[in-house]
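Student: For reference, the structure I am asking about is given below.
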Amino acid sequence: MSIFLIGVIVSILAYLVVGLYAGRSVKDVNDYYVSGRNAPTLLISGTLFASMLSVNGFMGDQGFCYTGNITSLVLLNSLCAVGYVVGPLVFGRYLRRSECTTMPEFFGTRYNDFRNRRLAGIITIISLTAYLLASITGVGILMQELTGFSYGVCLFLAWLCFTAFTFYSGSKGVVITDTMMFLVFLLASIIAGPYIFNAQGGLGELLTNLMHNPNIPDNLLDFYGNIPGTGATDIFGAVMYAVSMGLVWLITVAVSPWQAGRNLMAKSEHVTFRSGAIAAICTVVFLLYLNLQSITVLNLNPNLEDSQRVLIWAAFNVMPKLVGTMVLAGIMAAGLSSASTFLSVVGFSVTTDLFPAKFTSEKQQLRTSRIVMLVVGVIALILAYMGLGGVRVISWFASTIIAASWVVPGVGSVVSKKLSATGARWAMLAGFLGFIIPKCLVGFGVAPFNSLFINFLDPFFLGLYFSLLFAVIGSKLHPVSQAETDYRNRLMVIPRSECVAAEYKRDRVYGYVLIVAGILTTLFLLFGWALPYNGLI
Amino acid sequence: MGEIIFSVCIGGFLAVAGILMNVVLRREEKQLREKNELLEKSDNE
């Protein structure tokens, strides 16, 4: 049995034990759905970042860097990071204040209409099931490569790991294991970095070596990156790709249920601000560090057949076996953490958001929730085994569709006094259809849409524009009711428990850390790349 | 030149987010403090 296989098995067992142990403290529905609403900053930031970074973050994104688009990805990530800070300020804190257990419930309660909740629930289930399938498939394929077991066995092992504790422990288990997985891949990547950099002379020599390397992709070191890699034909198009995708992800982390929904579990509103700040720093600094590792491999092996395997290649060929095992376990952890989050969010929505269920007791609701979670998990396993996780059309639902659909009713629920239940519902539906229909036209290569729907006419933005339009029409035809106004007014009142001066002071420390991290990042890029690359120092 | 602007933007987004967070929370804290002082005054009167 190889050390890589042992590492994978040990890490899976560790997640299982910790996840199941966390389930022992689940006493009621609040514990199961929103982790008792007492998760501290570390757990919320851990689950935020871990659920965002899936196997794709360590494979697809790193392949994108290796093939010449590190600058596109860094720009995209830096915009995405802003969403982590802005999201809790304009939406997440109000979501938490509502004391709902799911985001669809928030839409139903805020707009005083169960139809809004049901529609949000349906969108959640469709979109996150697709995401879940993609995650399970990614972990299954990765595990197959690492262990040599058959795909079916690997799929089952991965599924068993995250379904067992998600089913039994709900959010309690998910946030703890997410944080554990976050720490595993964070630590593994930090330790791995020096080995990869030193293998080609150290981090200080990276730029020089790349500049003298004839085998690097075109424009790797230019600010706009490899133009064809972004699907553009000129510099402006390449930059616009990164900017528009960055804005898409900014909105996604601010309002989607698998990101903003984490705020429901926070101990206080202050925790949501601080967790957002940590997640933002990780998104810029940690991912930049990871991306640099990927392009360093160009100096070691510029001819990888499958660019997505760049970090896996480094784990096998550059690092000591123990460090390589940690990295591989870290990549697996990234996939498992996303899968557990998606399964839990889908399971909660299936149980409560589709039909106005009446439970005789909390115990009965908890039991039903667990059964539904298990059933959803089994269905996901069957669908993944059938290969649906790799189907192209399914992957379109597993993208940022939910953010295009929810940003108007979500942010509008806080900032707008005029957005009504009908406007919000129509906005949600228009955003969903306005995204998926153009996405299909683009995806199937239907001319002229495939070349027309790019940048700020990307299907995401089209969904957003339609969503805004129908929000206005719906609210004009069916104005806001008194009950909606009253609820919104209550939502605007800061709870007394949040009004603690010392807490605000601590929040501001996180704000200052963000500023310092930003300045240091700029200095690092300036003196490590921009100035020497342009021959200015 | 593009690389220099790019570098400033990458860290700049993070820094601006931090400034925004502090401005919003500072204003909120100030409002709360003023509200509490008013309440205390009215209680004393």
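Letters for chains follow the order of the structure tokens (A, B, ...), residue numbers begin at 1 for each chain, and ligand numbers begin at 1 in the order shown.
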List every residue of region 187-245 of chain A that DSSP, applied to the backbone of this structure, assigns to helix (DSSP H, G or I), and report them as a short mmCIF file (atom, residue, chain, number, x, y, z; two decimals) with N, CA and C atoms, in the first residue's frame.
Tutor:
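Wrote it out as out.cif, contents follow:
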```cif
data_model
loop_
_atom_site.label_atom_id
_atom_site.label_comp_id
_atom_site.auth_asym_id
_atom_site.auth_seq_id
_atom_site.Cartn_x
_atom_site.Cartn_y
_atom_site.Cartn_z
N LEU A 187 -2.41 24.40 4.96
CA LEU A 187 -1.12 23.99 5.50
C LEU A 187 -0.30 23.23 4.46
N ALA A 188 -0.96 22.30 3.76
CA ALA A 188 -0.26 21.49 2.77
C ALA A 188 0.32 22.38 1.67
N SER A 189 -0.47 23.35 1.22
CA SER A 189 -0.01 24.22 0.13
C SER A 189 1.13 25.12 0.60
N ILE A 190 1.02 25.60 1.85
CA ILE A 190 2.08 26.48 2.38
C ILE A 190 3.39 25.71 2.49
N ILE A 191 3.31 24.47 3.00
CA ILE A 191 4.53 23.66 3.15
C ILE A 191 5.09 23.28 1.78
N ALA A 192 4.20 23.01 0.83
CA ALA A 192 4.65 22.53 -0.50
C ALA A 192 5.39 23.62 -1.28
N GLY A 193 4.97 24.89 -1.09
CA GLY A 193 5.52 25.99 -1.87
C GLY A 193 7.04 26.00 -1.96
N PRO A 194 7.76 26.05 -0.82
CA PRO A 194 9.22 26.13 -0.89
C PRO A 194 9.85 24.99 -1.68
N TYR A 195 9.29 23.79 -1.60
CA TYR A 195 9.86 22.66 -2.35
C TYR A 195 9.77 22.92 -3.85
N ILE A 196 8.62 23.42 -4.28
CA ILE A 196 8.45 23.67 -5.73
C ILE A 196 9.35 24.83 -6.16
N PHE A 197 9.33 25.92 -5.37
CA PHE A 197 10.15 27.09 -5.75
C PHE A 197 11.64 26.73 -5.76
N ASN A 198 12.08 26.02 -4.72
CA ASN A 198 13.52 25.71 -4.60
C ASN A 198 13.99 24.75 -5.70
N LEU A 203 12.23 31.17 -5.01
CA LEU A 203 11.18 32.11 -5.46
C LEU A 203 11.80 33.35 -6.12
N GLY A 204 12.96 33.77 -5.58
CA GLY A 204 13.63 34.96 -6.11
C GLY A 204 14.06 34.79 -7.56
N GLU A 205 14.24 33.56 -7.98
CA GLU A 205 14.71 33.30 -9.35
C GLU A 205 13.55 32.99 -10.31
N LEU A 206 12.34 32.93 -9.77
CA LEU A 206 11.20 32.50 -10.59
C LEU A 206 11.02 33.38 -11.83
N LEU A 207 10.98 34.69 -11.63
CA LEU A 207 10.72 35.59 -12.77
C LEU A 207 11.84 35.48 -13.81
N THR A 208 13.10 35.52 -13.33
CA THR A 208 14.24 35.44 -14.26
C THR A 208 14.17 34.13 -15.06
N ASN A 209 13.94 33.04 -14.35
CA ASN A 209 13.88 31.74 -15.03
C ASN A 209 12.75 31.70 -16.06
N LEU A 210 11.61 32.26 -15.70
CA LEU A 210 10.48 32.25 -16.65
C LEU A 210 10.79 33.12 -17.86
N MET A 211 11.44 34.26 -17.61
CA MET A 211 11.76 35.18 -18.72
C MET A 211 12.77 34.54 -19.69
N PRO A 228 -5.81 33.80 -26.25
CA PRO A 228 -6.76 32.74 -26.64
C PRO A 228 -7.31 31.94 -25.45
N GLY A 229 -6.52 31.88 -24.37
CA GLY A 229 -6.96 31.14 -23.18
C GLY A 229 -8.22 31.71 -22.55
N THR A 230 -8.46 33.01 -22.80
CA THR A 230 -9.67 33.63 -22.23
C THR A 230 -10.83 33.61 -23.23
N ILE A 235 -6.24 42.24 -26.52
CA ILE A 235 -5.88 42.52 -25.13
C ILE A 235 -7.09 43.00 -24.33
N PHE A 236 -7.86 43.91 -24.92
CA PHE A 236 -9.03 44.45 -24.23
C PHE A 236 -10.00 43.32 -23.87
N GLY A 237 -10.24 42.44 -24.81
CA GLY A 237 -11.16 41.32 -24.59
C GLY A 237 -10.66 40.41 -23.47
N ALA A 238 -9.34 40.19 -23.44
CA ALA A 238 -8.78 39.31 -22.41
C ALA A 238 -8.94 39.92 -21.02
N VAL A 239 -8.71 41.24 -20.92
CA VAL A 239 -8.86 41.90 -19.62
C VAL A 239 -10.33 41.94 -19.22
N MET A 240 -11.18 42.21 -20.20
CA MET A 240 -12.62 42.28 -19.91
C MET A 240 -13.16 40.92 -19.44
N TYR A 241 -12.58 39.86 -19.98
CA TYR A 241 -12.99 38.51 -19.53
C TYR A 241 -12.74 38.38 -18.02
N ALA A 242 -11.51 38.76 -17.61
CA ALA A 242 -11.17 38.62 -16.19
C ALA A 242 -12.02 39.54 -15.32
N VAL A 243 -12.26 40.77 -15.81
CA VAL A 243 -13.05 41.73 -15.02
C VAL A 243 -14.49 41.24 -14.88
N SER A 244 -15.09 40.82 -16.01
CA SER A 244 -16.50 40.41 -15.94
C SER A 244 -16.66 39.13 -15.11
N MET A 245 -15.73 38.18 -15.27
CA MET A 245 -15.83 36.96 -14.46
C MET A 245 -15.56 37.26 -12.97
#
```
Student: If the cut-off is 8 Å, can you tell me the residues of chain A near chain B, counting only C-alpha atoms? I'd like them as a VMD selection string.
Tutor: chain A and resid 74 to 75 78 to 79 81 to 82 85 to 86 89 222 to 223 277 280 to 281 499 501 504 507 to 508 510 to 523 525 to 526 529 to 531 534
Student: With only C-alpha atoms as the atoms that count, which of A:Val174, A:Leu42, A:Leu441, A:Val139 lies nearest to Gly152 (chain A)?
Tutor: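 Looking at the shortest contact to Gly152 (chain A), the residue is A:Val139.
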Student: Any idea what the distance is between CA of Thr283 (chain A) and CA of Leu133 (chain A)?
Tutor: 24.1 Å
Student: Provide the CA of Leu491 (chain A) to CA of Glu269 (chain A) distance in Å, to one decimal place.
Tutor: 12.8 Å
Student: Go ahead and compute the interatomic distance for CA of Val253 (chain A) and CA of Tyr84 (chain A), in Å to one decimal.
Tutor: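 A separation of 6.1 Å between them.
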Student: Need to verify the contact set: Ile70 (chain A), 10 Å, only C-alpha atoms, exclusion of same-chain residues closer than 4 positions in sequence. Can you return it as a ChimeraX atom specification?
Tutor: /A:61-66,74-76,220-226,288,291-292,294-295
Student: Could the residues in this selection be saved with C-alpha atoms as a compact mmCIF listing (two decimals), in the first residue's frame?
Tutor:
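Saved to result_8.txt:
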```
# COMPACT_ATOMS: atom_id res chain seq x y z
CA ASP A 61 -7.73 26.83 -12.17
CA GLN A 62 -4.12 25.74 -11.78
CA GLY A 63 -4.17 24.36 -15.33
CA PHE A 64 -5.42 27.79 -16.45
CA CYS A 65 -2.35 29.37 -14.79
CA TYR A 66 0.02 26.78 -16.25
CA VAL A 74 -5.39 36.73 -10.07
CA LEU A 75 -7.50 39.65 -11.33
CA LEU A 76 -10.65 37.52 -11.17
CA LEU A 220 2.28 34.43 -19.51
CA LEU A 221 4.06 37.34 -17.84
CA ASP A 222 2.02 40.14 -19.43
CA PHE A 223 -0.79 41.70 -17.42
CA TYR A 224 -3.41 40.42 -19.86
CA GLY A 225 -2.16 36.82 -20.01
CA ASN A 226 -2.61 34.32 -22.81
CA LEU A 288 -1.78 33.88 -5.57
CA ASN A 291 -0.95 30.01 -8.62
CA LEU A 292 2.74 30.90 -8.39
CA SER A 294 1.68 26.20 -10.74
CA ILE A 295 3.64 28.50 -13.03
```
Student: Skip region 9-20 of chain A itself and residues of its chain fewer than 6 positions away, then list as a tab-separated table (two decimals) with N, CA and C atoms, in the first residue's frame all residues within 8 Å of it, counting only C-alpha atoms.
Tutor:
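To be explicit, this is the file written out as selection_3.tsv:
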```
chain	number	residue	atom	x	y	z
A	161	CYS	N	-17.94	9.21	2.83
A	161	CYS	CA	-17.24	10.10	3.76
A	161	CYS	C	-18.09	11.33	4.08
A	162	PHE	N	-18.46	12.10	3.04
A	162	PHE	CA	-19.14	13.35	3.36
A	162	PHE	C	-20.63	13.17	3.67
A	164	ALA	N	-21.98	10.63	5.33
A	164	ALA	CA	-22.17	10.08	6.68
A	164	ALA	C	-22.28	11.20	7.70
A	165	PHE	N	-21.32	12.14	7.68
A	165	PHE	CA	-21.40	13.17	8.72
A	165	PHE	C	-22.40	14.27	8.39
A	166	THR	N	-22.64	14.50	7.08
A	166	THR	CA	-23.64	15.52	6.74
A	166	THR	C	-25.03	15.04	7.14
A	168	TYR	N	-25.78	12.78	9.52
A	168	TYR	CA	-25.93	12.64	10.96
A	168	TYR	C	-25.78	13.98	11.70
A	169	SER	N	-24.81	14.79	11.28
A	169	SER	CA	-24.46	15.99	12.06
A	169	SER	C	-24.98	17.29	11.46
A	172	LYS	N	-23.59	21.32	11.89
A	172	LYS	CA	-22.56	21.19	12.95
A	172	LYS	C	-21.34	20.46	12.43
A	173	GLY	N	-21.60	19.33	11.77
A	173	GLY	CA	-20.49	18.54	11.24
A	173	GLY	C	-19.85	19.20	10.05
A	174	VAL	N	-20.69	19.82	9.20
A	174	VAL	CA	-20.17	20.41	7.96
A	174	VAL	C	-19.21	21.56	8.25
A	176	ILE	N	-17.45	22.20	10.93
A	176	ILE	CA	-16.20	21.76	11.58
A	176	ILE	C	-15.29	21.03	10.58
A	177	THR	N	-15.86	20.11	9.81
A	177	THR	CA	-15.02	19.38	8.85
A	177	THR	C	-14.55	20.31	7.72
A	180	MET	N	-11.65	22.03	9.09
A	180	MET	CA	-10.53	21.08	9.17
A	180	MET	C	-9.91	20.89	7.77
A	329	ALA	N	-3.98	14.96	-0.22
A	329	ALA	CA	-5.08	14.90	0.75
A	329	ALA	C	-5.78	16.26	0.81
```
